[in-house]
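Q: Once you've had a glance at the structure underneath, I'll fire off some questions.
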Amino acid sequence: MPSYKHEIEADRCKGCGLCVDVCPKNVLEISGQVNTKGYFPVYQARPEDCIFCAICCTMCPDVAITLSEIKAEAKA
Amino acid sequence: MPSYKHEIEADRCKGCGLCVDVCPKNVLEISGQVNTKGYFPVYQARPEDCIFCAICCTMCPDVAITLSEIKAEAKA
Amino acid sequence: MQSEVMFAGFGGQGILMCGKLLAHTAMQVGYEVAWIPSYGPEMRGGTAYCTVVISDRPIGSPIIKNPAHLVAMNRPSLEKFAPVVKPGGVILVNESLIPIRSGRGDVDEILVPATGIAKELGSVKAANIVALAAFVARSGIVEFEAMREAVREEFAGKEKFLPLNMAAIDAGRKSALEQPEAETA
Amino acid sequence: MQSEVMFAGFGGQGILMCGKLLAHTAMQVGYEVAWIPSYGPEMRGGTAYCTVVISDRPIGSPIIKNPAHLVAMNRPSLEKFAPVVKPGGVILVNESLIPIRSGRGDVDEILVPATGIAKELGSVKAANIVALAAFVARSGIVEFEAMREAVREEFAGKEKFLPLNMAAIDAGRKSALEQPEAETA
Amino acid sequence: MAKVLMKGNEAIGEAAIRAGCLNYFAYPITPQSEVAEYLARRMPEVNGVFLQGESEVAVGYMLFGAAGAGERVFTSSSSPGVSLMSEAISYIAGAQCPVVFVNIMRGGPGLGGILPSQGDYFQSVKGGGHGDYRMLVMAPASVQEAVEMVMTAFPLAEKYRNPVMILGDGLIGQMMEPVEFPEHLKSEPTKKDDWATNGMDTRQSATRNLVKSLYLDPEVLNNHNLLLKSKYDRMKQEEVRYESYNADGDYQALIVSYGTMSRVCRTAIDHLKGEGIEVGMIRPQTVFPFPEKAIQEAASKESCRVVLSIEMSMGQMVEDVERAVLGKRPVRWYGKCGGEVPTPEEIMKVVKEHL
Amino acid sequence: MAKVLMKGNEAIGEAAIRAGCLNYFAYPITPQSEVAEYLARRMPEVNGVFLQGESEVAVGYMLFGAAGAGERVFTSSSSPGVSLMSEAISYIAGAQCPVVFVNIMRGGPGLGGILPSQGDYFQSVKGGGHGDYRMLVMAPASVQEAVEMVMTAFPLAEKYRNPVMILGDGLIGQMMEPVEFPEHLKSEPTKKDDWATNGMDTRQSATRNLVKSLYLDPEVLNNHNLLLKSKYDRMKQEEVRYESYNADGDYQALIVSYGTMSRVCRTAIDHLKGEGIEVGMIRPQTVFPFPEKAIQEAASKESCRVVLSIEMSMGQMVEDVERAVLGKRPVRWYGKCGGEVPTPEEIMKVVKEHL
Amino acid sequence: MGKTFQKPEALTDVHTHYCPGCTHGVIHRLVGEVIDELGIRGRTVGIAPVGCAVLAYNYFSCDFQEAAHGRAPAMATGIKRVRPDLMVFTYQGDGDLASIGMGEIIHAANRGEKFTAIFVNNAVYGMTGGQMAPTTMPGQRTTTSPLGRSTEETGMPIRVAELLSSLATEGYITRQTVIKPKLINRTKKAIKKAFTYQMEGRCFSLVEVVSTCPTNWGMTPLDAIKWTEETLLPYFPLGDFKTPEEAEAVSA
Amino acid sequence: MGKTFQKPEALTDVHTHYCPGCTHGVIHRLVGEVIDELGIRGRTVGIAPVGCAVLAYNYFSCDFQEAAHGRAPAMATGIKRVRPDLMVFTYQGDGDLASIGMGEIIHAANRGEKFTAIFVNNAVYGMTGGQMAPTTMPGQRTTTSPLGRSTEETGMPIRVAELLSSLATEGYITRQTVIKPKLINRTKKAIKKAFTYQMEGRCFSLVEVVSTCPTNWGMTPLDAIKWTEETLLPYFPLGDFKTPEEAEAVSA
Ligand SMILES: Cc1ncc(C[n+]2csc(CCOP(=O)(O)OP(=O)(O)O)c2C)c(N)n1
Ligand SMILES: Cc1ncc(C[n+]2csc(CCOP(=O)(O)OP(=O)(O)O)c2C)c(N)n1
Ligand code: SF4
Ligand code: SF4
Ligand code: SF4
Ligand code: SF4
Ligand code: SF4
Ligand code: SF4
Ligand SMILES: [Mg+2]
Ligand SMILES: [Mg+2]
């Protein structure tokens, strides 16, 4: 299991797709479910491929994706 | 006698001395007589030296000096 | 006699155009009309709505807190505006996107899967026309064919969209008339 | 009791300063005073003038169309302002630059070659002080020595000009008192 | 000509063209940017001039220059933009140039909001700029009236050689209503050879024209100001326009209201009639000159117990109403400011409270 | 402290420093440039801030920023310059920042002239900028009063979190009169931690402050405007200032006049007394809030037959006088505008004409 | 080799009103991260423009002022002159800074005011519905240039970074963009450099960020990125145009 | 080898209000001579600034408008857009054009408005009594920089010709001076070139003229000439900074 957690806050996501485009591992896809804001958010279609490089986070205009160390989180 | 006429309109002259400074023949001097505006105008101290080069006219900020051809004037 | 219709939904659902078509129709058949948009800073996303006032006398207040009818294209607008509709009015619910109901017993509530129908016809973009047609058919607020005319005019020049929208009009009417009158109406 | 003095001349003749010294003197000896300058777009050249109002009560209008006295440092100002001086007032004429007279029989006109005197004393710049001293001596509008004090204060810091101006004061008084009173006065 | 359904902002743009004004300079601002967007398309079609200036300050002087050169010209803006034009408006009035300004008011002060308001009454009517000048200010209550006022604004601006302002609120700009463009309101620009800087050759004259507002000699400037004053006094004689509603018979209260607000009041008055309460209304169509006499007479009617100034502002027009009524009746203010338009129900409540 | 003979403009600059305002931003303009020139020398001596901005528009926002950050700040300008600040003034009022403005009025409109005038009454009192706001406006009649008003302006601006304007004319700026700087008018800046953007660390707070005027929700904006209105209503209760002259006994006419103009009237009144004609005067020291009650009472006096508004403008304050008098007496205007100050003789003539 | 990534403290939790894919959001985050890293949130005052970023004050967790359209540099000047210890940044669009606010930015830069301007160049007026900006490209269609910007009528797009760099007063002037992760990181470095110069009381600093406006360009977010790369960047080259070091040389 | 010299027709007979030795007068005359030589007096509109030249309309015998302080370029734009056939020139000082009017001149230049700006740079605010201008030299004493201009506080003098030349839109931008007969003739050539470009509807043109203000510099007219040569010209180099020919290359 990976030591990092990749989280997408669906209601923050506006489904712009910029992250999908930049992910080096092609992990992300736009979902078919509209969120409370009326947008179609992304989700990790292939989480197992994720290398936690944070490139998607860097690209996201809405800070909808976060990466946290699982231990770090345990502490908190 | 010269075929040109060098005229200084005393009441236009503000006695700034710029023309005196640029005259190549050192023809001009500031007079001691105040004019209607309260300035001391220039006059041709050595008219005989004037070569009608219009340099003084060019320098004068107040268009106080004019040069005219005497014939031209006769015509008029 | 004055009547008011509120059209409400997401931005991008063609809400304003919907109201404009109704206003234009009403004008053509000789009514006084006013079309009042909501305009706000978030130009995109969020809910857009407009009100169309139709009257046989010069229109006074363009500010309508209680419209006679409501065409709700998404859930937030149904929730927000259903309560203010005048008793006896028509509330059109875009069933495809709205799982709930107005909860009003004193109005003629009709469920039209506008988005779904439009999708079947070839483009969700036509959902607003489906809804408009359904509403006009049900409310009879203006002559139905006059409305069809207005739509035709609107798409003059964009002929390739015409068939889609004409189909939307018929489908809209069909779905509206299929439904039973609510008791109260 | 209120009295007004107008100082007028070419720009650069120290007119405003002249008025300021009188106003300052009057203030020091306890009067109410106001110093009103002329300010215009041609900042330089042209005629400058200012009015000093001296009173034992709060001063009302700072706009004086008919001053009690006039100190004229050049011809245009004598021509312009002599006619408006109140009867019985002093009109000081800077004889060195003004060939004409006020033509007023109802005032105390004194001729002071202020510019000339100042030149002799070493600088035309002091002409205004000569005139001021002459005027004060003649009109007695403020204590003469208080005026001398004001001038001394003004030149505190510029000591090297002090002797010149003190001399100007004495010469000014002298020339003013030499002259016979006009009948009318 | 058949009626067309148009947005107020677009109708205003079209009206100017129909009135013979082919020059428009402006800077975008909500809620009137559609005027500029419409004219960006239309002006080229009629070989007119469309230019988006770099700011309202600059636009103010583009108008000044163009009008000074003798051409018809207008602009549209909204509250903050108009504040930035106030120096220019003062210059234009001082130099006696005809320019038409359209202000589609939004909520203020400051950035405020973008929804309808009437908070710029003082600014437009008393003069936002410095010095003694006035604008002729017309306040439309419908898209059709906006069209007609725009079309009449140009000849009026030229008649008085003075800026004219169309004072509308956000709704006038954003609403769609059926409109007609009356042929008879077309007008030929007046000849301006006697004052405009249109080039000596153009007017075949050997004497130059000056367009300026500087008068260094105070006496000359005072006379210039008296001349301006005489124009404003003449406006008071000749240009007052208003509409009365339900004011022929008796009424217990008189409402004074203008623009969109007055339409809400009209509806309120109709409803009150239904309840047996008679209320009259005077709707100023010109807010400068202000219909003082009409209001005073209407207020003086035996049956009238109170005068209500109802505005989308915190009590601006009410000061002019007080001046008009001269203490003959109590004058009260009611209003909202910031985008909320009071509803007929609110107005009815307010009226009842004062009876 | 001994009296010193000072030019109004310089005294104004010194007064601000004595009042504890060490920040000045301005753009030069006649007839008040001496304020800037004086402070360019003085501010460095007191470690204060002097900055000549690139324009009055920019200066308006420098003031806004500085006041928003919680510091005392002021500027001085003259008519056209103030027009360019009108957008900023509206923003500052909307964002509730305390800023002191000095307007040494010159002749207008437009470039007009540089001599004394009172043509900006409307602009200052009714609001030159857009939206519903007011400034507290004080009008000095002497250099000493200018000093005192400047010194009181800062605490007042902070009390109301609102712009305050000192409205003087060219003569107030250009005249020299003896002045004293009253120690008791010094004041400590109020604490502004609850609203100013002075940095969270500075105020040891974890919550940020916002200085803004945007309220997109119309209801919120309406409430914001009601809040502003309540401040202006409070000013009307607490800040009205005026001086009456020769108004205790009976008089046949009442003069309302302010600033330099009122001094001329005072002299005229003295002379008229000599001729056996009694005239009273109310001199507004605050023109907003306007001394309405005082004027109404004074006008209502049995013996008073007419009320004269005497201004160096073409009839601006007269509108407020009319509102105050409410038709109880005829109200007449007399004035000049453009730099000529009416003389006592003229005033006397005018008074006689109206008796 | 993994990384962690969290919303910076300097940003609030509020969801922005920006359109999907609008890179205003990226720029906000970068400024927030820089404020965090420099630990200056408690003494920072931001200035919101009038433009789509008018509500920026809702998204930053530091003190904020809201300027009038174009006047942010004057407000920043006012704050810095009376409180030099505060860190001040303006956040302005191209209509705001390069059209109505041109005078203010040039003079602030030329006086060497010690604040940082974040200049978001998206070649259009976003908030008001897509009118032409001084930075609009030749031929670009906007609501006020419906046939495309005509350089005959309205001249060439203004290159703000180049224009300001031509002033003799020292300053830090750079142009960056946020259309790719790598460039986003570079932009962040530039912003940090700018804030650092300000902290040192060194000079005026401006970071021009070429940004997208999918909505008013009428493109999908991805197409907007492409268009930026293919159309804007060739005309608006990236890099540092001026650093205080050079400036000194020049101004000597 | 003699010459004749007369007051140009385009000037009136009115004596100017300028101070003795102020070179505003020379510049007026040059513009007048160019108008005469091009024979355009009947279709020329001049725009007076607010500054010592505010009364310029009294001295020129063609149509004139008087602008507000700094706004002459906007007025010129208004006139040229509605009457492209008229020849329009603005006459502006450095406070007028480079301080309050900076936004207007940059945008007029960048839109390529087809008028001619005569920019009189005398490094000070003349009319209002010698306050600091954006062009005031480091250390120069003025009434608002009594200890001399501090570049720390107010930055370096603005070089307008260089600043405008950095814009991509084509134009004719030159700097000249009138402190010597030879240079006066060169200035006249430049003004004529500028008017000619305008006549051809070619481009925006600006002629910056380094001028004197003996009064506010506190110098005699001759010393003012010397000071200009020794202090101003080294910082404000003379010559053409931009011609439409180049501009085209650049803007490609
Ligand atoms: C004085 C003034 N003029 C005009 C406006 C209207 N307005 C608001 S934002 C804006 C332009 C926004 O464009 P930009 O600065 O590029 O920011 P963006 O929205 O593109 O990020 C305009 C013209 C205003 N609010 N105030
Ligand atoms: C809006 C406005 N602000 C300020 C002024 C005052 N003012 C008149 S001229 C001037 C500056 C003149 O300097 P410059 O432009 O360099 O012309 P110069 O007199 O030096 O030739 C100023 C600040 C004004 N008239 N209007
Ligand atoms: S970039 Fe952000 S907002 Fe856009 S799709 Fe990805 S997560 Fe959603
Ligand atoms: S962290 Fe890297 S690999 Fe994982 S989803 Fe984001 S971009 Fe793709
Ligand atoms: S014309 Fe030439 S020589 Fe004669 S005075 Fe003038 S400068 Fe001297
Ligand atoms: S240059 Fe002209 S003004 Fe000066 S001294 Fe010579 S003639 Fe007189
Ligand atoms: S309009 Fe453009 S700039 Fe504004 S939020 Fe939407 S995409 Fe961003
Ligand atoms: S003040 Fe200076 S610029 Fe003005 S006229 Fe005098 S010398 Fe010339
Ligand atoms: Mg933009
Ligand atoms: Mg200058």
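Ligands are numbered from 1 in the order shown, residues from 1 within each chain, and chains are lettered A, B, ... in the order they appear in the structure tokens.
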What are the nearest atom pairs, with distances in Å to one decimal, for all residues of chain A that come at most 12 Å from chain G, using only C-alpha atoms, set out by chain and rising residue number as JSON lines?
A:
```
{"residue": "A:Pro2", "atom": "CA", "partner": "G:Gly2", "partner_atom": "CA", "distance": 9.2}
{"residue": "A:Ser3", "atom": "CA", "partner": "G:Gly2", "partner_atom": "CA", "distance": 8.2}
{"residue": "A:Tyr4", "atom": "CA", "partner": "G:Gly2", "partner_atom": "CA", "distance": 7.0}
{"residue": "A:Lys5", "atom": "CA", "partner": "G:Thr4", "partner_atom": "CA", "distance": 8.5}
{"residue": "A:His6", "atom": "CA", "partner": "G:Thr4", "partner_atom": "CA", "distance": 8.9}
{"residue": "A:Glu7", "atom": "CA", "partner": "G:Phe5", "partner_atom": "CA", "distance": 10.0}
{"residue": "A:Ile8", "atom": "CA", "partner": "G:Gln6", "partner_atom": "CA", "distance": 11.4}
{"residue": "A:Glu9", "atom": "CA", "partner": "G:His15", "partner_atom": "CA", "distance": 11.0}
{"residue": "A:Ala10", "atom": "CA", "partner": "G:His15", "partner_atom": "CA", "distance": 11.7}
{"residue": "A:Asp11", "atom": "CA", "partner": "G:His15", "partner_atom": "CA", "distance": 8.9}
{"residue": "A:Arg12", "atom": "CA", "partner": "G:His15", "partner_atom": "CA", "distance": 6.4}
{"residue": "A:Cys13", "atom": "CA", "partner": "G:Pro20", "partner_atom": "CA", "distance": 8.4}
{"residue": "A:Lys14", "atom": "CA", "partner": "G:Pro20", "partner_atom": "CA", "distance": 5.2}
{"residue": "A:Gly15", "atom": "CA", "partner": "G:Pro20", "partner_atom": "CA", "distance": 6.7}
{"residue": "A:Cys16", "atom": "CA", "partner": "G:Gly21", "partner_atom": "CA", "distance": 4.8}
{"residue": "A:Gly17", "atom": "CA", "partner": "G:Leu222", "partner_atom": "CA", "distance": 7.4}
{"residue": "A:Leu18", "atom": "CA", "partner": "G:Leu222", "partner_atom": "CA", "distance": 6.5}
{"residue": "A:Cys19", "atom": "CA", "partner": "G:Gly21", "partner_atom": "CA", "distance": 9.6}
{"residue": "A:Val20", "atom": "CA", "partner": "G:Leu222", "partner_atom": "CA", "distance": 10.1}
{"residue": "A:Asp21", "atom": "CA", "partner": "G:Leu222", "partner_atom": "CA", "distance": 8.0}
{"residue": "A:Val22", "atom": "CA", "partner": "G:Pro181", "partner_atom": "CA", "distance": 7.8}
{"residue": "A:Cys23", "atom": "CA", "partner": "G:Pro181", "partner_atom": "CA", "distance": 10.0}
{"residue": "A:Pro24", "atom": "CA", "partner": "G:Pro181", "partner_atom": "CA", "distance": 11.2}
{"residue": "A:Lys37", "atom": "CA", "partner": "G:His15", "partner_atom": "CA", "distance": 10.4}
{"residue": "A:Gly38", "atom": "CA", "partner": "G:Pro20", "partner_atom": "CA", "distance": 11.3}
{"residue": "A:Tyr39", "atom": "CA", "partner": "G:Pro20", "partner_atom": "CA", "distance": 8.8}
{"residue": "A:Phe40", "atom": "CA", "partner": "G:Pro20", "partner_atom": "CA", "distance": 10.5}
{"residue": "A:Pro41", "atom": "CA", "partner": "G:Pro20", "partner_atom": "CA", "distance": 10.5}
{"residue": "A:Cys50", "atom": "CA", "partner": "G:Gly2", "partner_atom": "CA", "distance": 9.7}
{"residue": "A:Ile51", "atom": "CA", "partner": "G:Gly2", "partner_atom": "CA", "distance": 6.6}
{"residue": "A:Phe52", "atom": "CA", "partner": "G:Gly2", "partner_atom": "CA", "distance": 4.9}
{"residue": "A:Cys53", "atom": "CA", "partner": "G:Gly2", "partner_atom": "CA", "distance": 5.7}
{"residue": "A:Ala54", "atom": "CA", "partner": "G:Lys3", "partner_atom": "CA", "distance": 6.2}
{"residue": "A:Ile55", "atom": "CA", "partner": "G:Pro181", "partner_atom": "CA", "distance": 6.3}
{"residue": "A:Cys56", "atom": "CA", "partner": "G:Pro181", "partner_atom": "CA", "distance": 8.2}
{"residue": "A:Cys57", "atom": "CA", "partner": "G:Phe5", "partner_atom": "CA", "distance": 6.9}
{"residue": "A:Thr58", "atom": "CA", "partner": "G:Pro181", "partner_atom": "CA", "distance": 5.9}
{"residue": "A:Met59", "atom": "CA", "partner": "G:Pro181", "partner_atom": "CA", "distance": 5.6}
{"residue": "A:Cys60", "atom": "CA", "partner": "G:Val26", "partner_atom": "CA", "distance": 6.6}
{"residue": "A:Pro61", "atom": "CA", "partner": "G:Gly25", "partner_atom": "CA", "distance": 4.2}
{"residue": "A:Asp62", "atom": "CA", "partner": "G:Gly25", "partner_atom": "CA", "distance": 5.7}
{"residue": "A:Val63", "atom": "CA", "partner": "G:Lys7", "partner_atom": "CA", "distance": 6.2}
{"residue": "A:Ala64", "atom": "CA", "partner": "G:Lys7", "partner_atom": "CA", "distance": 8.7}
{"residue": "A:Ile65", "atom": "CA", "partner": "G:Phe5", "partner_atom": "CA", "distance": 8.0}
{"residue": "A:Thr66", "atom": "CA", "partner": "G:Phe5", "partner_atom": "CA", "distance": 5.1}
{"residue": "A:Leu67", "atom": "CA", "partner": "G:Thr4", "partner_atom": "CA", "distance": 4.5}
{"residue": "A:Ser68", "atom": "CA", "partner": "G:Thr4", "partner_atom": "CA", "distance": 4.8}
{"residue": "A:Glu69", "atom": "CA", "partner": "G:Thr4", "partner_atom": "CA", "distance": 6.3}
{"residue": "A:Ile70", "atom": "CA", "partner": "G:Thr4", "partner_atom": "CA", "distance": 9.8}
{"residue": "A:Lys71", "atom": "CA", "partner": "G:Thr4", "partner_atom": "CA", "distance": 11.6}
{"residue": "A:Ala72", "atom": "CA", "partner": "G:Thr4", "partner_atom": "CA", "distance": 9.8}
{"residue": "A:Glu73", "atom": "CA", "partner": "G:Thr4", "partner_atom": "CA", "distance": 10.8}
```
Q: Can you pull out every residue within 6 Å of segment 106-115 of chain G, counting only C-alpha atoms, but drop anything in the same chain fewer than 5 positions away, and send it as a list of chain:residue names?
A: G:Val88, G:Phe89, G:Thr169, G:Gln198, G:Cys203, G:Phe204, H:Thr154, H:Gly155
Q: Next, dump the selected residues to file, keeping only N, CA and C atoms, as a PDB file, in the first residue's frame.
A:
```pdb
ATOM      1  N   VAL G  88       2.860  44.437   0.956  1.00  0.00           N
ATOM      2  CA  VAL G  88       1.675  44.793   0.178  1.00  0.00           C
ATOM      3  C   VAL G  88       1.771  44.239  -1.236  1.00  0.00           C
ATOM      4  N   PHE G  89       0.705  43.590  -1.683  1.00  0.00           N
ATOM      5  CA  PHE G  89       0.682  43.182  -3.091  1.00  0.00           C
ATOM      6  C   PHE G  89      -0.646  43.559  -3.731  1.00  0.00           C
ATOM      7  N   THR G 169      14.235  53.697 -13.210  1.00  0.00           N
ATOM      8  CA  THR G 169      14.241  53.312 -11.800  1.00  0.00           C
ATOM      9  C   THR G 169      14.404  51.799 -11.664  1.00  0.00           C
ATOM     10  N   GLN G 198      10.744  42.914  -2.031  1.00  0.00           N
ATOM     11  CA  GLN G 198       9.936  43.848  -1.236  1.00  0.00           C
ATOM     12  C   GLN G 198      10.338  43.775   0.230  1.00  0.00           C
ATOM     13  N   CYS G 203      13.030  47.196  -3.952  1.00  0.00           N
ATOM     14  CA  CYS G 203      12.516  47.845  -5.160  1.00  0.00           C
ATOM     15  C   CYS G 203      11.069  47.458  -5.437  1.00  0.00           C
ATOM     16  N   PHE G 204      10.518  48.119  -6.424  1.00  0.00           N
ATOM     17  CA  PHE G 204       9.204  47.762  -6.959  1.00  0.00           C
ATOM     18  C   PHE G 204       9.338  46.421  -7.673  1.00  0.00           C
TER      19      PHE G 204
ATOM     20  N   THR H 154      11.498  59.116  -4.927  1.00  0.00           N
ATOM     21  CA  THR H 154      10.622  59.388  -6.080  1.00  0.00           C
ATOM     22  C   THR H 154      11.156  58.823  -7.391  1.00  0.00           C
ATOM     23  N   GLY H 155      12.218  58.045  -7.328  1.00  0.00           N
ATOM     24  CA  GLY H 155      12.693  57.384  -8.541  1.00  0.00           C
ATOM     25  C   GLY H 155      13.431  58.299  -9.489  1.00  0.00           C
TER      26      GLY H 155
END
```
Q: Would you list, as JSON, numbers by chain, the residues of chain D that end up in alpha helix (DSSP H) under DSSP run on this structure's backbone?
A: {"D": [15, 16, 17, 18, 19, 20, 21, 22, 23, 24, 25, 26, 27, 28, 75, 76, 77, 78, 79, 80, 81, 114, 115, 116, 117, 118, 119, 120, 121, 127, 128, 129, 130, 131, 132, 133, 134, 135, 136, 137, 138, 139, 144, 145, 146, 147, 148, 149, 150, 151, 152, 153, 154, 162, 163, 164, 165, 166, 167, 168, 169, 170, 171, 172, 173, 174, 175, 176, 177, 178]}
Q: Could you please extract the residues within 10 Å of ligand 10, counting only C-alpha atoms and all ligand atoms, and hand them back as a VMD selection string?
A: chain H and resid 51 to 53 92 to 98 119 to 128 130 to 136 210 to 213 216
Q: Would you list the contacts of segment 159-176 of chain E as a PyMOL selection string, taking every protein, DNA or RNA residue within 8 Å and counting only C-alpha atoms, but skipping same-chain residues closer than 2 positions in sequence?
A: (chain C and resi 34-37) or (chain E and resi 5-10+31-32+89+92-93+96-106+114-118+124+135-143+146+149-150+153-157+178+231+259-260)
Q: Find the spatial neighbours of Met1 of chain C, counting only C-alpha atoms, within a cut-off of 7 Å - ignore same-chain residues fewer than 2 positions away - and output them as a ChimeraX atom specification.
A: /C:3,55-56
Q: Would you pick out the contacts of segment 80-86 of chain H at 10 Å or less, using only C-alpha atoms, so that residues sharing its chain but fewer than 5 positions from it are not included, and give the list as a PyMOL selection string?
A: (chain E and resi 22-25+48-51+62+65-67+69-73+197-199+201-202) or (chain G and resi 153) or (chain H and resi 40-45+74-75+113-115+198-199+201)
Q: For chain D against chain F, which residues fall within 8 Å using only C-alpha atoms, given as a CSV table (one decimal) with C-alpha atoms, in the first residue's frame?
A:
```
chain,number,residue,atom,x,y,z
D,24,HIS,CA,3.6,91.9,11.0
D,27,MET,CA,0.1,92.4,14.7
D,32,GLU,CA,-6.1,92.8,14.1
D,33,VAL,CA,-4.5,92.4,10.6
D,34,ALA,CA,-5.1,90.8,7.3
D,35,TRP,CA,-2.7,90.7,4.3
D,36,ILE,CA,-4.4,90.1,1.0
D,37,PRO,CA,-2.2,89.5,-2.1
D,39,TYR,CA,-2.4,86.4,-7.3
D,40,GLY,CA,-2.7,85.7,-11.0
D,41,PRO,CA,-1.5,83.5,-13.7
D,59,ILE,CA,-11.7,92.4,10.3
D,60,GLY,CA,-14.8,91.9,8.1
D,61,SER,CA,-14.4,92.1,4.4
D,62,PRO,CA,-10.9,91.4,3.2
D,63,ILE,CA,-11.9,92.9,-0.1
D,64,ILE,CA,-11.0,96.6,-0.2
D,65,LYS,CA,-12.0,98.6,-3.2
```
Q: Taking only C-alpha atoms into account, what are the residues of chain F at most 7 Å from chain H, put as a list in words?
A: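 Filtering chain F at 7 Å from chain H with only C-alpha atoms gives Ile29, Thr30, Ala36, Glu37, Ala40, Arg41, Glu54, Ser55 and Leu111 of chain F.
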Q: Once DSSP has gone over the backbone, tell me which residues of segment 158-346 of chain F are in strand (DSSP E), as JSON, numbers by chain.
A: {"F": [164, 165, 166, 167, 168, 169, 176, 177, 178, 179, 210, 211, 242, 243, 244, 245, 253, 254, 255, 256, 279, 280, 281, 282, 283, 284, 286, 287, 288, 306, 307, 308, 309, 310, 311, 331, 332, 333, 334, 335]}
Q: So how many Å separate atom 23 (C, counted along the ligand's line) of ligand 1 and atom CA of Pro73 of chain G, to one decimal?
A: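 Straight-line distance from atom 23 (C, counted along the ligand's line) of ligand 1 to atom CA of Pro73 of chain G works out to 16.8 Å.
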Q: Would you pick out the contacts of segment 84-99 of chain C at 10 Å or less, using only C-alpha atoms, so that residues sharing its chain but fewer than 2 positions from it are not included, and give the list as a VMD selection string?
A: chain C and resid 3 to 7 9 64 to 82 101 to 102 104 to 117 127 to 128 130 to 132 134 to 136 138 to 139 176 184 to 185
Q: Write out as number ranges by chain each polymer residue whose atoms come within 9 Å of Ala298 of chain F, counting only C-alpha atoms; drop sequence neighbours fewer than 4 positions from it.
A: F: 247, 254, 280-282, 293-294, 304
Q: Give me, please, the distance in Å between atom CA of Ser38 of chain D and atom CA of Leu226 of chain E, quoted to one decimal.
A: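 Answer for the atom CA of Ser38 of chain D to atom CA of Leu226 of chain E separation: 24.0 Å.
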Q: Expressed in Å to a single decimal, how great is the separation between atom CA of Tyr242 of chain E and atom CA of Pro58 of chain C?
A: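 Pair atom CA of Tyr242 of chain E / atom CA of Pro58 of chain C returns 17.6 Å.
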Q: Which of these, H:Lys189, H:Arg159, H:Arg175, H:Lys242, has the shortest distance to chain G once you count only C-alpha atoms?
A: H:Arg159
